[in-house]
file input05.txt (compact mmCIF, C-alpha atoms)
# COMPACT_ATOMS: atom_id res chain seq x y z
CA MET A 114 -151.22 63.51 -51.89
CA THR A 115 -150.27 65.83 -54.73
CA ALA A 116 -147.50 68.39 -54.95
CA THR A 117 -147.87 72.06 -55.61
CA THR A 118 -145.30 74.37 -57.18
CA ALA A 119 -147.33 77.51 -56.54
CA GLY A 120 -144.92 80.20 -55.42
CA ARG A 121 -142.09 77.68 -55.26
CA GLY A 122 -140.65 77.80 -58.76
CA LEU A 123 -138.90 74.99 -60.57
CA TRP A 124 -136.89 73.55 -57.70
CA VAL A 125 -139.40 72.85 -54.95
CA ARG A 126 -142.45 70.58 -54.71
CA GLU A 127 -144.63 71.04 -51.65
CA TYR A 128 -146.22 67.76 -50.57
CA SER A 129 -147.37 68.89 -47.15
CA PRO A 130 -147.57 72.43 -45.71
CA ALA A 131 -145.85 73.07 -42.42
CA PRO A 132 -148.19 73.24 -39.41
CA ALA A 133 -148.37 76.53 -37.55
CA HIS A 134 -145.00 77.18 -35.89
CA GLY A 135 -143.82 73.80 -37.16
CA LEU A 136 -140.78 72.55 -39.02
CA THR A 137 -140.39 71.83 -42.70
CA LEU A 138 -138.48 68.78 -43.89
CA VAL A 139 -136.63 69.48 -47.15
CA CYS A 140 -135.96 66.23 -49.04
CA PHE A 141 -133.08 65.61 -51.48
CA PRO A 142 -133.56 62.75 -54.00
CA HIS A 143 -131.14 59.91 -54.70
CA ALA A 144 -129.20 59.55 -57.96
CA GLY A 145 -131.64 59.41 -60.86
CA GLY A 146 -134.53 60.17 -58.52
CA GLY A 147 -137.10 62.92 -58.68
CA ALA A 148 -139.16 64.87 -56.20
CA SER A 149 -142.01 62.35 -56.32
CA ALA A 150 -139.81 59.74 -54.62
CA TYR A 151 -140.73 61.43 -51.33
CA ARG A 152 -144.48 61.61 -51.80
CA PRO A 153 -145.12 58.41 -49.76
CA LEU A 154 -142.88 59.64 -46.95
CA ALA A 155 -144.70 62.97 -46.91
CA THR A 156 -147.98 61.10 -46.52
CA ALA A 157 -146.54 59.10 -43.62
CA LEU A 158 -145.33 62.27 -41.86
CA SER A 159 -148.45 64.39 -42.43
CA PRO A 160 -149.59 66.43 -40.55
CA ARG A 161 -146.60 66.20 -38.20
CA ALA A 162 -144.34 68.29 -40.43
CA GLY A 163 -144.32 70.15 -43.68
CA VAL A 164 -142.53 68.32 -46.48
CA LEU A 165 -140.81 69.93 -49.45
CA SER A 166 -139.07 67.79 -52.05
CA LEU A 167 -136.47 69.13 -54.43
CA GLN A 168 -136.68 68.57 -58.17
CA TYR A 169 -133.26 68.46 -59.79
CA PRO A 170 -133.04 69.36 -63.49
CA GLY A 171 -133.03 66.52 -66.00
CA ARG A 172 -135.91 64.41 -64.64
CA GLN A 173 -139.70 64.23 -64.45
CA ASP A 174 -141.20 67.64 -65.27
CA ARG A 175 -137.69 69.12 -65.67
CA ARG A 176 -136.55 66.38 -68.04
CA THR A 177 -135.80 68.78 -70.90
CA GLU A 178 -133.26 70.69 -68.78
CA ALA A 179 -129.61 69.70 -68.64
CA PRO A 180 -128.78 67.77 -65.45
CA TYR A 181 -126.01 68.96 -63.16
CA THR A 182 -122.69 67.12 -63.15
CA SER A 183 -121.32 68.80 -60.02
CA VAL A 184 -122.48 68.34 -56.42
CA ASP A 185 -121.07 71.76 -55.52
CA ALA A 186 -122.92 73.57 -58.31
CA LEU A 187 -126.14 71.76 -57.40
CA ALA A 188 -125.75 72.66 -53.71
CA ASP A 189 -124.99 76.29 -54.60
CA ASP A 190 -128.26 76.69 -56.47
CA ILE A 191 -130.34 74.76 -53.95
CA ALA A 192 -128.98 76.83 -51.06
CA ALA A 193 -129.83 80.02 -52.94
CA THR A 194 -133.33 78.68 -53.62
CA LEU A 195 -133.94 77.75 -49.98
CA ARG A 196 -132.76 81.16 -48.79
CA ARG A 197 -135.38 82.77 -51.01
CA GLN A 198 -138.25 80.34 -50.60
CA ALA A 199 -138.10 78.45 -47.31
CA ALA A 200 -140.44 79.98 -44.77
CA GLY A 201 -139.58 79.11 -41.19
CA PRO A 202 -137.11 76.59 -39.77
CA VAL A 203 -136.01 73.64 -41.92
CA VAL A 204 -134.43 70.23 -41.47
CA LEU A 205 -132.60 68.72 -44.45
CA PHE A 206 -133.02 65.04 -45.34
CA GLY A 207 -131.19 63.28 -48.14
CA HIS A 208 -130.90 59.67 -49.20
CA SER A 209 -127.84 58.27 -51.00
CA MET A 210 -126.63 61.00 -53.40
CA GLY A 211 -129.21 63.25 -51.77
CA ALA A 212 -127.35 62.96 -48.45
CA LEU A 213 -124.22 64.42 -50.01
CA VAL A 214 -126.10 67.28 -51.68
CA ALA A 215 -128.01 67.98 -48.45
CA TYR A 216 -124.76 68.10 -46.49
CA GLU A 217 -123.16 70.55 -48.90
CA THR A 218 -126.34 72.64 -48.89
CA ALA A 219 -126.25 72.74 -45.07
CA ARG A 220 -122.62 73.91 -45.19
CA ARG A 221 -123.59 76.78 -47.48
CA LEU A 222 -126.60 77.82 -45.42
CA GLU A 223 -124.46 77.95 -42.27
CA ARG A 224 -121.46 79.55 -43.97
CA ASP A 225 -123.37 82.44 -45.49
CA GLY A 226 -124.45 83.82 -42.14
CA GLY A 227 -128.17 83.23 -42.49
CA ALA A 228 -130.32 80.80 -40.61
CA GLY A 229 -128.82 77.36 -41.08
CA PRO A 230 -130.89 74.19 -40.87
CA LEU A 231 -132.00 72.99 -37.45
CA GLY A 232 -130.72 69.54 -38.33
CA LEU A 233 -129.44 67.26 -41.07
CA VAL A 234 -130.52 63.65 -41.64
CA VAL A 235 -128.32 61.62 -43.98
CA SER A 236 -129.54 58.24 -45.16
CA GLY A 237 -127.95 55.36 -47.05
CA ALA A 238 -124.68 57.21 -47.59
CA ARG A 239 -121.09 57.02 -46.48
CA SER A 240 -119.58 60.15 -44.95
CA ALA A 241 -118.95 63.04 -47.32
CA ALA A 242 -115.28 62.88 -46.33
CA GLU A 243 -114.94 59.26 -47.50
CA PRO A 244 -113.90 58.32 -51.05
CA ARG A 245 -116.50 57.04 -53.49
CA PRO A 246 -116.47 54.58 -56.42
CA ARG A 247 -115.33 56.30 -59.59
CA ASP A 248 -116.38 54.14 -62.52
CA VAL A 249 -120.18 53.92 -62.77
CA SER A 250 -120.52 57.08 -64.87
CA LEU A 251 -118.06 55.65 -67.41
CA ARG A 252 -119.96 52.42 -67.96
CA SER A 253 -122.18 51.61 -70.91
CA ASP A 254 -125.90 52.25 -70.62
CA ALA A 255 -126.37 48.56 -69.85
CA GLY A 256 -123.72 48.81 -67.12
CA ILE A 257 -125.53 51.67 -65.41
CA ILE A 258 -128.82 49.79 -65.58
CA ASP A 259 -127.08 46.77 -64.02
CA GLU A 260 -125.96 49.01 -61.15
CA LEU A 261 -129.59 49.93 -60.52
CA ARG A 262 -130.60 46.29 -60.56
CA GLN A 263 -128.05 45.51 -57.86
CA LEU A 264 -129.41 48.28 -55.64
CA ASP A 265 -132.88 46.73 -55.93
CA GLY A 266 -134.76 50.01 -55.71
CA THR A 267 -136.42 50.05 -59.14
CA SER A 268 -138.81 47.45 -60.49
CA PRO A 269 -137.22 45.10 -63.06
CA GLU A 270 -140.12 45.75 -65.44
CA LEU A 271 -139.26 49.45 -65.58
CA LEU A 272 -135.56 48.78 -66.03
CA ASP A 273 -136.32 46.44 -68.93
CA ASP A 274 -138.37 49.10 -70.76
CA PRO A 275 -136.27 50.85 -73.47
CA GLU A 276 -138.40 54.01 -73.27
CA ILE A 277 -137.91 54.24 -69.51
CA GLN A 278 -134.19 53.66 -69.94
CA ALA A 279 -133.98 56.50 -72.45
CA MET A 280 -135.79 58.79 -70.01
CA ILE A 281 -133.67 58.07 -66.93
CA LEU A 282 -130.17 57.38 -68.25
CA PRO A 283 -129.05 60.97 -68.99
CA ALA A 284 -129.83 62.12 -65.44
CA LEU A 285 -128.38 58.94 -63.94
CA ARG A 286 -125.09 59.30 -65.79
CA ALA A 287 -124.87 62.97 -64.81
CA ASP A 288 -125.63 62.17 -61.17
CA TYR A 289 -122.96 59.48 -61.03
CA THR A 290 -120.52 61.91 -62.62
CA ALA A 291 -121.33 64.43 -59.89
CA LEU A 292 -120.79 61.82 -57.19
CA GLU A 293 -117.55 60.50 -58.63
CA THR A 294 -115.97 63.92 -59.17
CA TYR A 295 -116.94 65.27 -55.74
CA ARG A 296 -114.09 66.15 -53.40
CA HIS A 297 -114.73 67.08 -49.79
CA ARG A 298 -113.15 70.41 -48.92
CA SER A 299 -111.93 70.99 -45.39
CA GLY A 300 -113.69 73.62 -43.35
CA PRO A 301 -115.56 74.18 -40.11
CA PRO A 302 -117.82 71.30 -39.09
CA LEU A 303 -121.56 71.78 -39.23
CA ARG A 304 -123.07 73.39 -36.16
CA CYS A 305 -126.39 71.62 -36.51
CA PRO A 306 -127.04 68.10 -35.16
CA VAL A 307 -126.78 65.21 -37.59
CA SER A 308 -128.62 61.89 -37.69
CA ALA A 309 -127.40 59.07 -39.94
CA TYR A 310 -129.73 56.29 -41.11
CA VAL A 311 -128.37 53.02 -42.44
CA GLY A 312 -129.83 49.77 -43.74
CA ASP A 313 -128.49 46.62 -42.09
CA ALA A 314 -128.05 44.98 -45.51
CA ASP A 315 -127.03 48.03 -47.57
CA PRO A 316 -124.10 47.09 -49.83
CA GLN A 317 -123.24 50.75 -50.45
CA ALA A 318 -123.06 52.20 -46.94
CA GLY A 319 -122.64 50.16 -43.77
CA ALA A 320 -122.71 51.07 -40.10
CA LEU A 321 -119.05 52.13 -40.00
CA ASP A 322 -119.58 54.37 -43.04
CA ALA A 323 -122.52 56.04 -41.31
CA GLU A 324 -120.61 56.54 -38.06
CA ARG A 325 -118.06 58.74 -39.82
CA TRP A 326 -120.67 61.45 -40.35
CA ALA A 327 -120.12 62.25 -36.66
CA ASP A 328 -116.76 63.79 -37.59
CA LEU A 329 -118.48 66.43 -39.74
CA THR A 330 -120.54 68.14 -37.03
CA SER A 331 -119.84 69.89 -33.76
CA GLY A 332 -123.45 69.24 -32.82
CA THR A 333 -124.96 66.05 -31.51
CA PHE A 334 -124.86 62.90 -33.61
CA ARG A 335 -127.23 59.95 -33.67
CA GLN A 336 -127.17 56.82 -35.77
CA ARG A 337 -130.16 54.60 -36.52
CA THR A 338 -130.20 51.20 -38.21
CA PHE A 339 -133.15 49.84 -40.19
CA ALA A 340 -133.89 46.46 -41.69
CA GLY A 341 -133.28 46.47 -45.44
CA GLY A 342 -130.90 47.14 -48.28
CA HIS A 343 -129.96 50.41 -49.95
CA PHE A 344 -133.57 51.49 -50.38
CA PHE A 345 -134.69 50.74 -46.83
CA VAL A 346 -136.35 54.17 -46.91
CA ASP A 347 -139.01 52.50 -49.06
CA SER A 348 -139.13 49.00 -47.56
CA ALA A 349 -139.12 50.33 -43.97
CA ARG A 350 -141.00 53.56 -44.71
CA GLN A 351 -143.15 53.61 -41.56
CA GLN A 352 -140.12 53.03 -39.34
CA VAL A 353 -138.17 55.73 -41.17
CA ALA A 354 -141.09 58.15 -40.83
CA ALA A 355 -141.30 57.43 -37.11
CA ALA A 356 -137.56 58.04 -36.72
CA LEU A 357 -137.82 61.29 -38.67
CA ALA A 358 -140.68 62.44 -36.46
CA GLU A 359 -138.51 61.78 -33.39
CA ASP A 360 -135.58 63.63 -34.92
CA LEU A 361 -137.75 66.59 -35.89
CA ASP A 362 -138.93 66.84 -32.29
CA ALA A 363 -135.32 66.65 -31.07
CA PHE A 364 -134.15 69.31 -33.54
CA ALA A 365 -136.98 71.73 -32.71
CA PRO A 366 -135.85 74.81 -30.77

call {"tool": "encode", "arguments": {"input": "input05.txt", "output": "structure tokens"}}
result
Amino acid sequence: MTATTAGRGLWVREYSPAPAHGLTLVCFPHAGGGASAYRPLATALSPRAGVLSLQYPGRQDRRTEAPYTSVDALADDIAATLRRQAAGPVVLFGHSMGALVAYETARRLERDGGAGPLGLVVSGARSAAEPRPRDVSLRSDAGIIDELRQLDGTSPELLDDPEIQAMILPALRADYTALETYRHRSGPPLRCPVSAYVGDADPQAGALDAERWADLTSGTFRQRTFAGGHFFVDSARQQVAAALAEDLDAFAP
């Protein structure tokens, strides 16, 4: 499955078109990740739902652009992009850092009086209202690479390659800066339903962390647990895709 940017601009990669009168899942990458991280998930969901994946600046085909260092600024521009480009109802899905950006994007879409998302799925992330570690962005390059090794989501061969390191480190450092400087601002809870996915061996976000997302919505809340560590979205991809399909059906009007 290949992505198309036709008519979508720099921000959006379309991996699967939405079926007639169907929903579109908008995917938000993890720290250091690019749009292509969601290609396998799009394949697993096709043709059940359309899948768009966001491409943040500073990686892959946008590598020459400066990465964002603010979650709020990133969410501002993504919300503006989705207002212009999303056709039909959308559900937002974000993993790890992507969960936080998706949440803030949902807040903006609801706040601005337009059509908000039908639902939000947050994965591998503690609640946006909870504090986050504050030191990864300040570490040496080797220290940031060690953080990736501990999360076990990138092959050791890639992490050992100096050229790969040079490609990914600027975006990674910027993403960790965005995470560590983020402050949740009080405001109305989301109106849309929220589902929280968690890995049963995730060292970054456990079941109690995921439960606290319930406090940020006035809609329904559901929590699902999968076997795996922080990147259970890859190791348990078929199970995650099945859960997403169920949630999309539940969110549909």

call {"tool": "residues_around", "arguments": {"input": "input05.txt", "residues": "A:Arg335", "least_positions_apart": "6", "cutoff": "7 Å", "atoms": "all atoms listed in the file", "output": "PyMOL selection string"}}
result
chain A and resi 307-309

call {"tool": "closest_residue", "arguments": {"input": "input05.txt", "among": "A:His343, A:Arg304, A:Arg172, A:Arg296", "to": "A:Glu243", "atoms": "all atoms listed in the file"}}
result
A:Arg296

call {"tool": "closest_residue", "arguments": {"input": "input05.txt", "among": "A:Ile277, A:Asp248, A:Arg239, A:Leu231", "to": "A:Ala327", "atoms": "all atoms listed in the file"}}
result
A:Arg239

call {"tool": "closest_atom_pairs", "arguments": {"input": "input05.txt", "of": "stretch 118-160 of chain A", "to": "stretch 178-187 of chain A", "cutoff": "12 Å", "atoms": "all atoms listed in the file", "output": "tab-separated table"}}
result
residue	atom	partner	partner_atom	distance
A:Leu123	CA	A:Glu178	CA	10.8
A:Trp124	CA	A:Leu187	CA	10.9
A:Phe141	CA	A:Leu187	CA	11.0
A:Ala144	CA	A:Pro180	CA	11.1
A:Gly145	CA	A:Pro180	CA	10.0
A:Gly146	CA	A:Pro180	CA	11.8
A:Gly147	CA	A:Pro180	CA	11.8

call {"tool": "atom_distance", "arguments": {"input": "input05.txt", "atom1": "atom CA of A:Asp254", "atom2": "atom CA of A:Arg286"}}
result
8.6 Å

call {"tool": "closest_residue", "arguments": {"input": "input05.txt", "among": "A:Leu282, A:Ala365, A:Leu213, A:Ala219", "to": "A:Glu260", "atoms": "all atoms listed in the file"}}
result
A:Leu282
